[in-house]
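Enquirer: For reference, the file structure.cif (mmCIF, C-alpha atoms) is included below:
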```cif
data_upload
loop_
_atom_site.group_PDB
_atom_site.id
_atom_site.type_symbol
_atom_site.label_atom_id
_atom_site.label_comp_id
_atom_site.auth_asym_id
_atom_site.auth_seq_id
_atom_site.Cartn_x
_atom_site.Cartn_y
_atom_site.Cartn_z
ATOM 1 C CA MET J 499 47.619 2.112 -10.656
ATOM 2 C CA LYS J 500 46.310 0.715 -7.354
ATOM 3 C CA ASN J 501 42.751 0.782 -8.684
ATOM 4 C CA TYR J 502 43.758 -1.168 -11.770
ATOM 5 C CA LEU J 503 45.500 -3.789 -9.652
ATOM 6 C CA LYS J 504 42.197 -4.513 -7.933
ATOM 7 C CA ILE J 505 40.968 -6.061 -11.181
ATOM 8 C CA ASN J 506 41.863 -9.741 -11.233
ATOM 9 C CA SER J 507 42.328 -9.951 -15.001
ATOM 10 C CA ILE J 508 44.946 -7.181 -14.813
ATOM 11 C CA ARG J 509 46.609 -8.770 -11.787
ATOM 12 C CA HIS J 510 46.776 -12.060 -13.684
ATOM 13 C CA THR J 511 48.287 -10.369 -16.737
ATOM 14 C CA VAL J 512 50.916 -8.666 -14.591
ATOM 15 C CA ARG J 513 51.777 -11.988 -12.945
ATOM 16 C CA ILE J 514 52.191 -13.705 -16.301
ATOM 17 C CA PHE J 515 54.342 -10.889 -17.671
ATOM 18 C CA CYS J 516 56.663 -10.863 -14.640
ATOM 19 C CA ALA J 517 56.918 -14.651 -14.599
ATOM 20 C CA LEU J 518 57.733 -14.799 -18.317
ATOM 21 C CA VAL J 519 60.478 -12.206 -17.900
ATOM 22 C CA ALA J 520 61.921 -14.225 -15.019
ATOM 23 C CA SER J 521 61.639 -17.483 -16.984
ATOM 24 C CA LEU J 522 63.396 -15.989 -20.004
ATOM 25 C CA VAL J 523 66.278 -14.866 -17.802
ATOM 26 C CA VAL J 524 66.485 -18.275 -16.126
ATOM 27 C CA ASN J 525 66.170 -19.967 -19.515
ATOM 28 C CA TYR J 526 69.163 -18.009 -20.807
ATOM 29 C CA TYR J 527 71.409 -18.961 -17.899
ATOM 30 C CA LEU J 528 70.152 -22.291 -16.536
ATOM 31 C CA ALA J 529 68.104 -24.119 -19.181
ATOM 32 C CA SER J 530 69.403 -27.439 -20.428
ATOM 33 C CA THR J 531 67.904 -27.517 -23.902
ATOM 34 C CA LYS J 532 67.579 -23.842 -24.986
ATOM 35 C CA GLU J 533 64.386 -24.979 -26.745
ATOM 36 C CA ALA J 534 62.033 -22.646 -24.843
ATOM 37 C CA TRP J 535 60.483 -25.450 -22.807
ATOM 38 C CA LEU J 536 61.110 -23.455 -19.660
ATOM 39 C CA PRO J 537 59.124 -20.281 -20.567
ATOM 40 C CA LEU J 538 56.467 -22.441 -22.243
ATOM 41 C CA ALA J 539 55.953 -24.392 -19.025
ATOM 42 C CA THR J 540 55.791 -21.131 -17.074
ATOM 43 C CA LEU J 541 53.061 -19.786 -19.349
ATOM 44 C CA ILE J 542 50.983 -22.975 -19.404
ATOM 45 C CA VAL J 543 50.853 -23.461 -15.621
ATOM 46 C CA MET J 544 49.745 -19.847 -15.169
ATOM 47 C CA LEU J 545 46.670 -20.070 -17.416
ATOM 48 C CA THR J 546 44.413 -20.849 -14.465
ATOM 49 C CA PRO J 547 40.915 -19.660 -13.519
ATOM 50 C CA THR J 548 40.345 -17.338 -10.565
ATOM 51 C CA GLY J 549 40.965 -18.898 -7.153
ATOM 52 C CA SER J 550 42.575 -22.125 -8.414
ATOM 53 C CA ALA J 551 46.178 -21.099 -9.069
ATOM 54 C CA LEU J 552 47.909 -23.899 -7.153
ATOM 55 C CA TYR J 553 45.690 -26.864 -8.028
ATOM 56 C CA GLN J 554 45.145 -25.928 -11.665
ATOM 57 C CA GLY J 555 48.829 -25.021 -12.044
ATOM 58 C CA LEU J 556 49.894 -28.451 -10.819
ATOM 59 C CA TRP J 557 47.302 -30.123 -13.036
ATOM 60 C CA ARG J 558 48.614 -28.295 -16.114
ATOM 61 C CA PHE J 559 52.164 -29.209 -15.129
ATOM 62 C CA PHE J 560 51.278 -32.914 -15.041
ATOM 63 C CA LEU J 561 49.539 -32.675 -18.414
ATOM 64 C CA LEU J 562 52.500 -30.872 -19.994
ATOM 65 C CA SER J 563 54.941 -33.324 -18.428
ATOM 66 C CA SER J 564 52.979 -36.272 -19.808
ATOM 67 C CA ALA J 565 52.999 -34.763 -23.288
ATOM 68 C CA VAL J 566 56.747 -34.046 -23.132
ATOM 69 C CA ILE J 567 57.528 -37.564 -21.899
ATOM 70 C CA ILE J 568 55.464 -39.240 -24.618
ATOM 71 C CA VAL J 569 56.862 -37.089 -27.435
ATOM 72 C CA SER J 570 60.438 -37.430 -26.201
ATOM 73 C CA LEU J 571 60.244 -41.217 -25.819
ATOM 74 C CA ILE J 572 58.937 -41.590 -29.363
ATOM 75 C CA PHE J 573 61.078 -39.103 -31.239
ATOM 76 C CA SER J 574 64.173 -38.384 -29.112
ATOM 77 C CA PRO J 575 66.906 -40.169 -27.144
ATOM 78 C CA ILE J 576 66.430 -40.628 -23.410
ATOM 79 C CA ARG J 577 68.977 -37.897 -22.622
ATOM 80 C CA SER J 578 66.743 -35.327 -24.337
ATOM 81 C CA LEU J 579 63.862 -36.391 -22.115
ATOM 82 C CA TYR J 580 65.864 -35.659 -18.954
ATOM 83 C CA MET J 581 66.971 -32.275 -20.241
ATOM 84 C CA ARG J 582 63.480 -31.254 -21.319
ATOM 85 C CA MET J 583 61.911 -32.364 -18.071
ATOM 86 C CA TYR J 584 64.485 -30.346 -16.151
ATOM 87 C CA ASP J 585 63.401 -27.234 -18.065
ATOM 88 C CA VAL J 586 59.697 -28.041 -17.692
ATOM 89 C CA VAL J 587 59.975 -28.551 -13.930
ATOM 90 C CA LEU J 588 61.981 -25.359 -13.481
ATOM 91 C CA GLY J 589 59.529 -23.369 -15.614
ATOM 92 C CA ALA J 590 56.530 -24.789 -13.771
ATOM 93 C CA VAL J 591 58.033 -23.899 -10.390
ATOM 94 C CA ILE J 592 58.542 -20.314 -11.545
ATOM 95 C CA GLY J 593 55.030 -20.062 -12.978
ATOM 96 C CA ILE J 594 53.223 -21.549 -9.993
ATOM 97 C CA ALA J 595 55.282 -19.513 -7.516
ATOM 98 C CA PHE J 596 54.508 -16.245 -9.295
ATOM 99 C CA ASN J 597 50.842 -17.202 -9.699
ATOM 100 C CA VAL J 598 50.416 -17.927 -5.997
ATOM 101 C CA ILE J 599 52.627 -15.240 -4.445
ATOM 102 C CA LEU J 600 52.678 -12.178 -6.742
ATOM 103 C CA PHE J 601 49.400 -10.212 -6.762
ATOM 104 C CA PRO J 602 47.216 -13.225 -5.861
ATOM 105 C CA ASP J 603 43.592 -13.188 -7.002
ATOM 106 C CA LYS J 604 41.209 -11.041 -4.969
ATOM 107 C CA VAL J 605 38.491 -13.659 -5.144
ATOM 108 C CA ASP J 606 36.107 -11.871 -2.799
ATOM 109 C CA ILE J 607 36.188 -8.635 -4.816
ATOM 110 C CA GLU J 608 35.625 -10.359 -8.154
ATOM 111 C CA PHE J 609 32.829 -12.446 -6.662
ATOM 112 C CA ARG J 610 31.001 -9.415 -5.296
ATOM 113 C CA ASN J 611 31.497 -7.411 -8.484
ATOM 114 C CA ALA J 612 30.057 -10.271 -10.523
ATOM 115 C CA PHE J 613 26.838 -10.583 -8.524
ATOM 116 C CA VAL J 614 25.920 -6.935 -7.960
ATOM 117 C CA PRO J 615 24.853 -6.341 -11.616
ATOM 118 C CA ILE J 616 22.684 -9.478 -11.742
ATOM 119 C CA LEU J 617 20.925 -8.551 -8.494
ATOM 120 C CA ARG J 618 20.187 -5.071 -9.860
ATOM 121 C CA SER J 619 18.807 -6.609 -13.036
ATOM 122 C CA TYR J 620 16.585 -8.904 -10.928
ATOM 123 C CA SER J 621 15.057 -5.868 -9.227
ATOM 124 C CA LEU J 622 14.204 -4.240 -12.558
ATOM 125 C CA TYR J 623 12.977 -7.536 -13.978
ATOM 126 C CA PHE J 624 10.558 -8.128 -11.101
ATOM 127 C CA SER J 625 9.144 -4.623 -11.468
ATOM 128 C CA SER J 626 8.579 -5.201 -15.190
ATOM 129 C CA LEU J 627 6.847 -8.537 -14.480
ATOM 130 C CA VAL J 628 4.328 -6.899 -12.173
ATOM 131 C CA SER J 629 3.732 -4.268 -14.841
ATOM 132 C CA LEU J 630 3.223 -7.028 -17.398
ATOM 133 C CA LEU J 631 0.728 -8.824 -15.148
ATOM 134 C CA LEU J 632 -1.307 -5.757 -14.217
ATOM 135 C CA ASP J 633 -0.996 -3.528 -17.286
ATOM 136 C CA LYS J 634 0.186 -5.866 -20.073
ATOM 137 C CA ASN J 635 3.416 -3.933 -20.575
ATOM 138 C CA SER J 636 5.259 -6.690 -22.414
ATOM 139 C CA ILE J 637 8.004 -4.535 -23.970
ATOM 140 C CA ASP J 638 9.736 -3.709 -20.689
ATOM 141 C CA ALA J 639 9.415 -7.286 -19.450
ATOM 142 C CA GLU J 640 11.059 -8.723 -22.564
ATOM 143 C CA LYS J 641 13.795 -6.083 -22.412
ATOM 144 C CA GLU J 642 14.587 -6.862 -18.777
ATOM 145 C CA LYS J 643 14.473 -10.604 -19.473
ATOM 146 C CA VAL J 644 17.181 -10.209 -22.112
ATOM 147 C CA ASN J 645 19.183 -8.067 -19.697
ATOM 148 C CA VAL J 646 18.971 -10.745 -16.992
ATOM 149 C CA GLU J 647 19.998 -13.484 -19.426
ATOM 150 C CA GLU J 648 23.045 -11.466 -20.476
ATOM 151 C CA LYS J 649 24.043 -10.902 -16.871
ATOM 152 C CA LEU J 650 23.624 -14.595 -16.035
ATOM 153 C CA MET J 651 26.081 -15.470 -18.798
ATOM 154 C CA LYS J 652 28.728 -13.452 -16.945
ATOM 155 C CA LEU J 653 28.340 -15.094 -13.547
ATOM 156 C CA PRO J 654 31.608 -16.448 -12.062
ATOM 157 C CA ALA J 655 31.566 -20.085 -13.129
ATOM 158 C CA TRP J 656 35.097 -20.395 -11.730
ATOM 159 C CA VAL J 657 33.593 -21.108 -8.299
ATOM 160 C CA TYR J 658 32.831 -24.595 -9.654
ATOM 161 C CA GLU J 659 36.332 -25.163 -11.032
ATOM 162 C CA ALA J 660 38.272 -28.049 -9.497
ATOM 163 C CA GLY J 661 40.740 -26.729 -6.960
ATOM 164 C CA PHE J 662 38.813 -23.593 -6.045
ATOM 165 C CA ASP J 663 39.708 -22.379 -2.543
ATOM 166 C CA LEU J 664 38.197 -24.931 -0.135
ATOM 167 C CA THR J 665 37.672 -22.326 2.596
ATOM 168 C CA LEU J 666 35.403 -20.325 0.271
ATOM 169 C CA GLN J 667 33.994 -23.076 -1.909
ATOM 170 C CA LYS J 668 30.881 -24.053 0.051
ATOM 171 C CA GLY J 669 29.611 -20.539 0.784
ATOM 172 C CA TYR J 670 30.343 -19.162 -2.679
ATOM 173 C CA ARG J 671 28.724 -22.086 -4.474
ATOM 174 C CA TYR J 672 25.647 -21.895 -2.264
ATOM 175 C CA PHE J 673 25.287 -18.176 -2.960
ATOM 176 C CA PHE J 674 25.744 -18.844 -6.692
ATOM 177 C CA MET J 675 23.046 -21.518 -6.577
ATOM 178 C CA LYS J 676 20.563 -19.271 -4.744
ATOM 179 C CA VAL J 677 21.084 -16.409 -7.175
ATOM 180 C CA GLY J 678 20.424 -18.812 -10.031
ATOM 181 C CA GLN J 679 17.304 -20.068 -8.265
ATOM 182 C CA ILE J 680 15.930 -16.521 -8.069
ATOM 183 C CA GLY J 681 16.422 -16.197 -11.810
ATOM 184 C CA GLU J 682 14.464 -19.409 -12.427
ATOM 185 C CA ILE J 683 11.592 -18.136 -10.256
ATOM 186 C CA LEU J 684 11.461 -14.855 -12.162
ATOM 187 C CA PHE J 685 11.435 -16.650 -15.504
ATOM 188 C CA ALA J 686 8.531 -18.806 -14.288
ATOM 189 C CA MET J 687 6.656 -15.683 -13.164
ATOM 190 C CA HIS J 688 7.279 -14.126 -16.577
ATOM 191 C CA HIS J 689 5.570 -17.060 -18.270
ATOM 192 C CA LEU J 690 2.536 -16.752 -15.980
ATOM 193 C CA ALA J 691 2.360 -12.962 -16.270
ATOM 194 C CA ARG J 692 1.937 -13.209 -20.049
ATOM 195 C CA PHE J 693 -1.606 -14.540 -19.696
ATOM 196 C CA THR J 694 -4.607 -12.226 -19.684
ATOM 197 C CA TYR J 695 -6.590 -12.237 -16.436
ATOM 198 C CA PRO J 696 -9.996 -10.744 -15.601
ATOM 199 C CA ASP J 697 -9.842 -7.316 -13.983
ATOM 200 C CA ASN J 698 -11.722 -8.500 -10.912
ATOM 201 C CA LEU J 699 -8.938 -11.006 -10.237
ATOM 202 C CA LEU J 700 -6.144 -8.475 -10.710
ATOM 203 C CA ASN J 701 -7.876 -5.793 -8.671
ATOM 204 C CA THR J 702 -7.826 -8.039 -5.619
ATOM 205 C CA ILE J 703 -4.053 -8.008 -5.551
ATOM 206 C CA ARG J 704 -3.085 -4.805 -7.379
ATOM 207 C CA GLU J 705 -2.212 -2.573 -4.411
ATOM 208 C CA PRO J 706 -0.251 -5.075 -2.305
ATOM 209 C CA LEU J 707 1.508 -6.339 -5.441
ATOM 210 C CA LEU J 708 2.633 -2.817 -6.316
ATOM 211 C CA GLN J 709 3.900 -2.498 -2.762
ATOM 212 C CA CYS J 710 5.853 -5.725 -3.259
ATOM 213 C CA ILE J 711 7.829 -3.964 -5.987
ATOM 214 C CA VAL J 712 9.036 -1.417 -3.444
ATOM 215 C CA ARG J 713 9.862 -4.106 -0.884
ATOM 216 C CA VAL J 714 11.782 -6.258 -3.362
ATOM 217 C CA GLU J 715 13.777 -3.250 -4.544
ATOM 218 C CA GLN J 716 14.639 -2.377 -0.942
ATOM 219 C CA PHE J 717 15.474 -6.004 -0.151
ATOM 220 C CA ILE J 718 17.830 -6.378 -3.100
ATOM 221 C CA ALA J 719 19.362 -2.944 -2.472
ATOM 222 C CA ALA J 720 20.176 -4.061 1.077
ATOM 223 C CA ILE J 721 21.830 -7.252 -0.187
ATOM 224 C CA ILE J 722 23.920 -5.205 -2.611
ATOM 225 C CA THR J 723 24.913 -2.850 0.192
ATOM 226 C CA VAL J 724 26.209 -5.797 2.234
ATOM 227 C CA LEU J 725 28.036 -7.231 -0.796
ATOM 228 C CA GLU J 726 29.754 -3.892 -1.303
ATOM 229 C CA LEU J 727 30.873 -4.005 2.357
ATOM 230 C CA LYS J 728 28.885 -0.899 3.213
ATOM 231 C CA LYS J 729 26.844 -0.322 6.340
ATOM 232 C CA LEU J 730 23.088 -0.632 6.122
ATOM 233 C CA SER J 731 21.454 2.693 6.903
ATOM 234 C CA VAL J 732 17.961 1.228 7.212
ATOM 235 C CA LYS J 733 16.509 -2.051 8.405
ATOM 236 C CA ILE J 734 15.508 -4.576 5.744
ATOM 237 C CA ILE J 735 11.719 -4.648 5.471
ATOM 238 C CA ASP J 736 10.366 -8.019 4.414
ATOM 239 C CA PHE J 737 7.295 -8.200 2.197
ATOM 240 C CA ASP J 738 5.560 -10.957 4.138
ATOM 241 C CA LEU J 739 2.759 -8.542 5.152
ATOM 242 C CA GLU J 740 2.066 -7.734 1.507
ATOM 243 C CA LEU J 741 2.043 -11.437 0.685
ATOM 244 C CA ALA J 742 -0.353 -12.116 3.542
ATOM 245 C CA GLU J 743 -2.655 -9.395 2.250
ATOM 246 C CA ILE J 744 -2.533 -10.797 -1.284
ATOM 247 C CA GLU J 745 -3.350 -14.274 -0.042
ATOM 248 C CA SER J 746 -6.124 -12.996 2.227
ATOM 249 C CA GLN J 747 -7.837 -10.971 -0.495
ATOM 250 C CA PHE J 748 -7.431 -13.785 -2.986
ATOM 251 C CA LYS J 749 -8.690 -16.466 -0.616
ATOM 252 C CA GLU J 750 -12.376 -15.764 -1.095
ATOM 253 C CA ILE J 751 -12.137 -16.050 -4.864
ATOM 254 C CA VAL J 752 -10.171 -19.290 -4.572
ATOM 255 C CA SER J 753 -12.684 -20.743 -2.093
ATOM 256 C CA SER J 754 -15.655 -20.007 -4.327
ATOM 257 C CA ALA J 755 -13.843 -21.345 -7.374
ATOM 258 C CA MET J 756 -12.963 -24.574 -5.599
ATOM 259 C CA ASP J 757 -16.681 -25.247 -5.147
ATOM 260 C CA SER J 758 -16.993 -25.738 -8.900
ATOM 261 C CA VAL J 759 -15.965 -28.956 -10.610
ATOM 262 C CA SER J 760 -13.273 -27.305 -12.717
ATOM 263 C CA PRO J 761 -11.772 -23.990 -11.574
ATOM 264 C CA SER J 762 -10.880 -21.579 -14.377
ATOM 265 C CA THR J 763 -7.427 -21.706 -15.899
ATOM 266 C CA ASP J 764 -7.011 -18.001 -15.122
ATOM 267 C CA LEU J 765 -7.463 -18.686 -11.438
ATOM 268 C CA LEU J 766 -4.985 -21.543 -11.429
ATOM 269 C CA TYR J 767 -2.319 -19.522 -13.253
ATOM 270 C CA LEU J 768 -2.744 -16.536 -10.987
ATOM 271 C CA THR J 769 -2.574 -18.817 -7.947
ATOM 272 C CA GLU J 770 0.705 -20.194 -9.273
ATOM 273 C CA PHE J 771 2.018 -16.651 -9.788
ATOM 274 C CA ILE J 772 1.287 -15.855 -6.135
ATOM 275 C CA TYR J 773 2.959 -19.112 -5.102
ATOM 276 C CA ASN J 774 6.078 -18.104 -7.081
ATOM 277 C CA LEU J 775 6.000 -14.739 -5.350
ATOM 278 C CA GLN J 776 6.206 -16.583 -2.031
ATOM 279 C CA GLU J 777 9.081 -18.655 -3.408
ATOM 280 C CA LEU J 778 10.848 -15.454 -4.438
ATOM 281 C CA ARG J 779 10.581 -14.152 -0.891
ATOM 282 C CA ASN J 780 11.957 -17.401 0.537
ATOM 283 C CA ALA J 781 14.850 -17.394 -1.941
ATOM 284 C CA LEU J 782 15.763 -13.816 -1.053
ATOM 285 C CA LEU J 783 15.672 -14.653 2.653
ATOM 286 C CA ARG J 784 17.986 -17.635 2.118
ATOM 287 C CA LEU J 785 20.279 -15.399 0.100
ATOM 288 C CA THR J 786 20.588 -12.945 2.983
ATOM 289 C CA GLN J 787 21.398 -15.808 5.343
ATOM 290 C CA THR J 788 24.485 -16.660 3.259
ATOM 291 C CA LEU J 789 25.868 -13.162 3.895
ATOM 292 C CA ARG J 790 25.933 -13.480 7.674
#
```
Kindly return the structure encoded in the file as structure tokens.
Expert:
Amino acid sequence: MKNYLKINSIRHTVRIFCALVASLVVNYYLASTKEAWLPLATLIVMLTPTGSALYQGLWRFFLLSSAVIIVSLIFSPIRSLYMRMYDVVLGAVIGIAFNVILFPDKVDIEFRNAFVPILRSYSLYFSSLVSLLLDKNSIDAEKEKVNVEEKLMKLPAWVYEAGFDLTLQKGYRYFFMKVGQIGEILFAMHHLARFTYPDNLLNTIREPLLQCIVRVEQFIAAIITVLELKKLSVKIIDFDLELAEIESQFKEIVSSAMDSVSPSTDLLYLTEFIYNLQELRNALLRLTQTLR
């Protein structure tokens, strides 16, 4: 049971159930109208996204109150308005209190659990992109691209909801933004990797690029380890040396090509791919900085 209560959706369901039971009891003994406004208000103020129980609960209370006031003024005597608002206020107090106090959202756990799968998919996606560039293995690249897109659809958009915990808001949103930036870089690399390049160009970067796969996997694995609150057993090894080797071996070809009036399109695209690889490294480094 304790393991299930670590899942925020289950915690939220339990909160709603307990609050509705309490509101039905209070409605039976204390409600003014007996028209179910009290349990309705309890339910509505509890339908909040993760991490925004108080703010979103109050916002829903004001919306419900406005609707009740307008409808009552048009169709009912003023006494009915007072009675209904009494029930709505009482129901909202019950709902917000239960939502904030009973099994509050474990925002940190849900946040970590949401990002671990996308980071793992990034690692596989990068590996498939290198395979696409060097060996024209397009099937794996397209498969991993779809996998990444599916994972991105499940990212916790609730960090951008109004009223999200102010103490966590800045760091969580920055991390969210950086993870999205890595996805954009990988998609750009996928587009460039689709082109066919001469073997002499690819051979200049094949070995260090294959080594980059290992480094990126280790880098992302280390980030996941930190997210899962585990202790790193090994030091994170950056792939700046591999990038330096790629740039060094590629430099001669670029220099000779720049002597011509119009460098080949292949050279320009491959140069851009290497530039995106550098951007990927920078994005991963910034991502690790957010975890300190």
Enquirer: Give me the result of the PyMOL selection byres ((chain J and resi 673) around 12) on this file, residue by residue, as a compact mmCIF listing (two decimals) with C-alpha atoms, in the frame of the given file.
Expert:
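Final output, saved to selection11.txt:
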```txt
# COMPACT_ATOMS: atom_id res chain seq x y z
CA PHE J 609 32.83 -12.45 -6.66
CA ARG J 610 31.00 -9.41 -5.30
CA ALA J 612 30.06 -10.27 -10.52
CA PHE J 613 26.84 -10.58 -8.52
CA LEU J 617 20.92 -8.55 -8.49
CA LEU J 653 28.34 -15.09 -13.55
CA PRO J 654 31.61 -16.45 -12.06
CA VAL J 657 33.59 -21.11 -8.30
CA TYR J 658 32.83 -24.60 -9.65
CA LEU J 666 35.40 -20.32 0.27
CA GLN J 667 33.99 -23.08 -1.91
CA LYS J 668 30.88 -24.05 0.05
CA GLY J 669 29.61 -20.54 0.78
CA TYR J 670 30.34 -19.16 -2.68
CA ARG J 671 28.72 -22.09 -4.47
CA TYR J 672 25.65 -21.90 -2.26
CA PHE J 674 25.74 -18.84 -6.69
CA MET J 675 23.05 -21.52 -6.58
CA LYS J 676 20.56 -19.27 -4.74
CA VAL J 677 21.08 -16.41 -7.18
CA GLY J 678 20.42 -18.81 -10.03
CA GLN J 679 17.30 -20.07 -8.26
CA ILE J 680 15.93 -16.52 -8.07
CA ILE J 721 21.83 -7.25 -0.19
CA LEU J 725 28.04 -7.23 -0.80
CA ALA J 781 14.85 -17.39 -1.94
CA LEU J 782 15.76 -13.82 -1.05
CA LEU J 783 15.67 -14.65 2.65
CA ARG J 784 17.99 -17.64 2.12
CA LEU J 785 20.28 -15.40 0.10
CA THR J 786 20.59 -12.94 2.98
CA GLN J 787 21.40 -15.81 5.34
CA THR J 788 24.48 -16.66 3.26
CA LEU J 789 25.87 -13.16 3.90
CA ARG J 790 25.93 -13.48 7.67
```
Enquirer: Just the number, please: distance in Å from atom CA of J:Glu745 to atom CA of J:Ser636, one decimal.
Expert: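 Between atom CA of J:Glu745 and atom CA of J:Ser636 the gap works out to 25.1 Å.
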Enquirer: With distances taken over all atoms listed in the file, which of J:His689, J:Glu726, J:Glu608, J:Glu740 is nearest to J:Ala655?
Expert: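 The answer is J:Glu608, which sits nearest to J:Ala655.
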Enquirer: Determine the residue membership of the PyMOL selection byres ((chain J and resi 714) around 9) for the file above and supply it as a PyMOL selection string.
Expert: chain J and resi 621+624-625+709-713+715-719+735-737+779+782
Enquirer: In Å, rounded to a single decimal, give me how far atom CA of J:Ile568 is from atom CA of J:Tyr553.
Expert: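 Interatomic distance, atom CA of J:Tyr553 to atom CA of J:Ile568: 22.9 Å.
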Enquirer: Between atom CA of J:Ile616 and atom CA of J:Lys649, what distance in Å does the model show, to one decimal?
Expert: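 Distance reported for this atom pair: 5.5 Å.
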Enquirer: Please write as a PyMOL selection string the full residue list that the PyMOL selection byres ((chain J and resi 536-541) around 7) yields on this file.
Expert: chain J and resi 514+518+521-522+525+534-535+542-545+585-586+588-590+592-593
Enquirer: Could you tell me which of J:Ile722, J:Ala639, J:Leu664, J:Leu741 comes closest to J:His688 if we count only C-alpha atoms?
Expert: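 Ranked by minimum distance to J:His688, first place goes to J:Ala639.
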Enquirer: Would you list the contacts of J:Thr548 as a list in words, taking every protein, DNA or RNA residue within 8 Å and counting only C-alpha atoms, but skipping same-chain residues closer than 3 positions in sequence?
Expert: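 After dropping sequence-adjacent residues, the list is Asn506, Ala551, Asp603, Val605, Trp656 and Phe662 of chain J.
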Enquirer: Kindly provide, as a list in words, the polymer residues lying within 10 Å of (49.0, -14.2, -7.9), counting only C-alpha atoms and using the coordinates exactly as they appear in the file.
Expert: Asn506, Arg509, His510, Thr511, Val512, Arg513, Ile514, Met544, Thr548, Gly549, Ala551, Leu552, Gly593, Ile594, Ala595, Phe596, Asn597, Val598, Ile599, Leu600, Phe601, Pro602, Asp603 and Lys604 of chain J
Enquirer: Suppose we keep C-alpha atoms; can you now write the selection as a compact mmCIF listing (two decimals), in the coordinates of the input?
Expert:
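That gives us out_1.txt:
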```txt
# COMPACT_ATOMS: atom_id res chain seq x y z
CA ASN J 506 41.86 -9.74 -11.23
CA ARG J 509 46.61 -8.77 -11.79
CA HIS J 510 46.78 -12.06 -13.68
CA THR J 511 48.29 -10.37 -16.74
CA VAL J 512 50.92 -8.67 -14.59
CA ARG J 513 51.78 -11.99 -12.94
CA ILE J 514 52.19 -13.70 -16.30
CA MET J 544 49.74 -19.85 -15.17
CA THR J 548 40.34 -17.34 -10.56
CA GLY J 549 40.96 -18.90 -7.15
CA ALA J 551 46.18 -21.10 -9.07
CA LEU J 552 47.91 -23.90 -7.15
CA GLY J 593 55.03 -20.06 -12.98
CA ILE J 594 53.22 -21.55 -9.99
CA ALA J 595 55.28 -19.51 -7.52
CA PHE J 596 54.51 -16.24 -9.30
CA ASN J 597 50.84 -17.20 -9.70
CA VAL J 598 50.42 -17.93 -6.00
CA ILE J 599 52.63 -15.24 -4.44
CA LEU J 600 52.68 -12.18 -6.74
CA PHE J 601 49.40 -10.21 -6.76
CA PRO J 602 47.22 -13.22 -5.86
CA ASP J 603 43.59 -13.19 -7.00
CA LYS J 604 41.21 -11.04 -4.97
```
Enquirer: Show me, as a PyMOL selection string, the residues that have an atom within 8 Å of J:Thr694 when counting all atoms listed in the file, minus same-chain residues fewer than 6 positions from it.
Expert: chain J and resi 631+634+764
Enquirer: Hey, which of J:Ala660, J:Leu630, J:Ala517, J:Leu571 ends up closest to J:Leu556? Count all atoms listed in the file.
Expert: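 Using all atoms listed in the file, J:Leu556 sits closest to J:Ala660.
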Enquirer: With distances taken over only C-alpha atoms, which of J:Ser731, J:Thr546, J:Gln554, J:Asn701 is nearest to J:Asp633?
Expert: J:Asn701
Enquirer: Using all atoms listed in the file, which residues sit within 12 Å of J:Glu648 once same-chain residues fewer than 3 positions away are excluded, as a count of residues only?
Expert: 13
Enquirer: Which residue gives the smallest distance to J:Ser629 among J:Lys728, J:Val524, J:Leu766, J:Leu708, with all atoms listed in the file counted?
Expert: J:Leu708
Enquirer: Just checking: using only C-alpha atoms, which residue out of J:Ile734, J:Ile772, J:Ile703, J:Leu727 ends up closest to J:Asn611?
Expert: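 Answer, going by the shortest atom-to-atom distance: J:Leu727.
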Enquirer: For stretch 653-669 of chain J, take all atoms listed in the file, fit an axis-aligned box around them, add 4 Å to each of the six sides, then output centre and edge lengths in Å rounded to one decimal, as lines of an AutoDock Vina configuration file.
Expert:
```
center_x = 34.5
center_y = -21.6
center_z = -5.5
size_x = 20.4
size_y = 21.0
size_z = 24.1
```
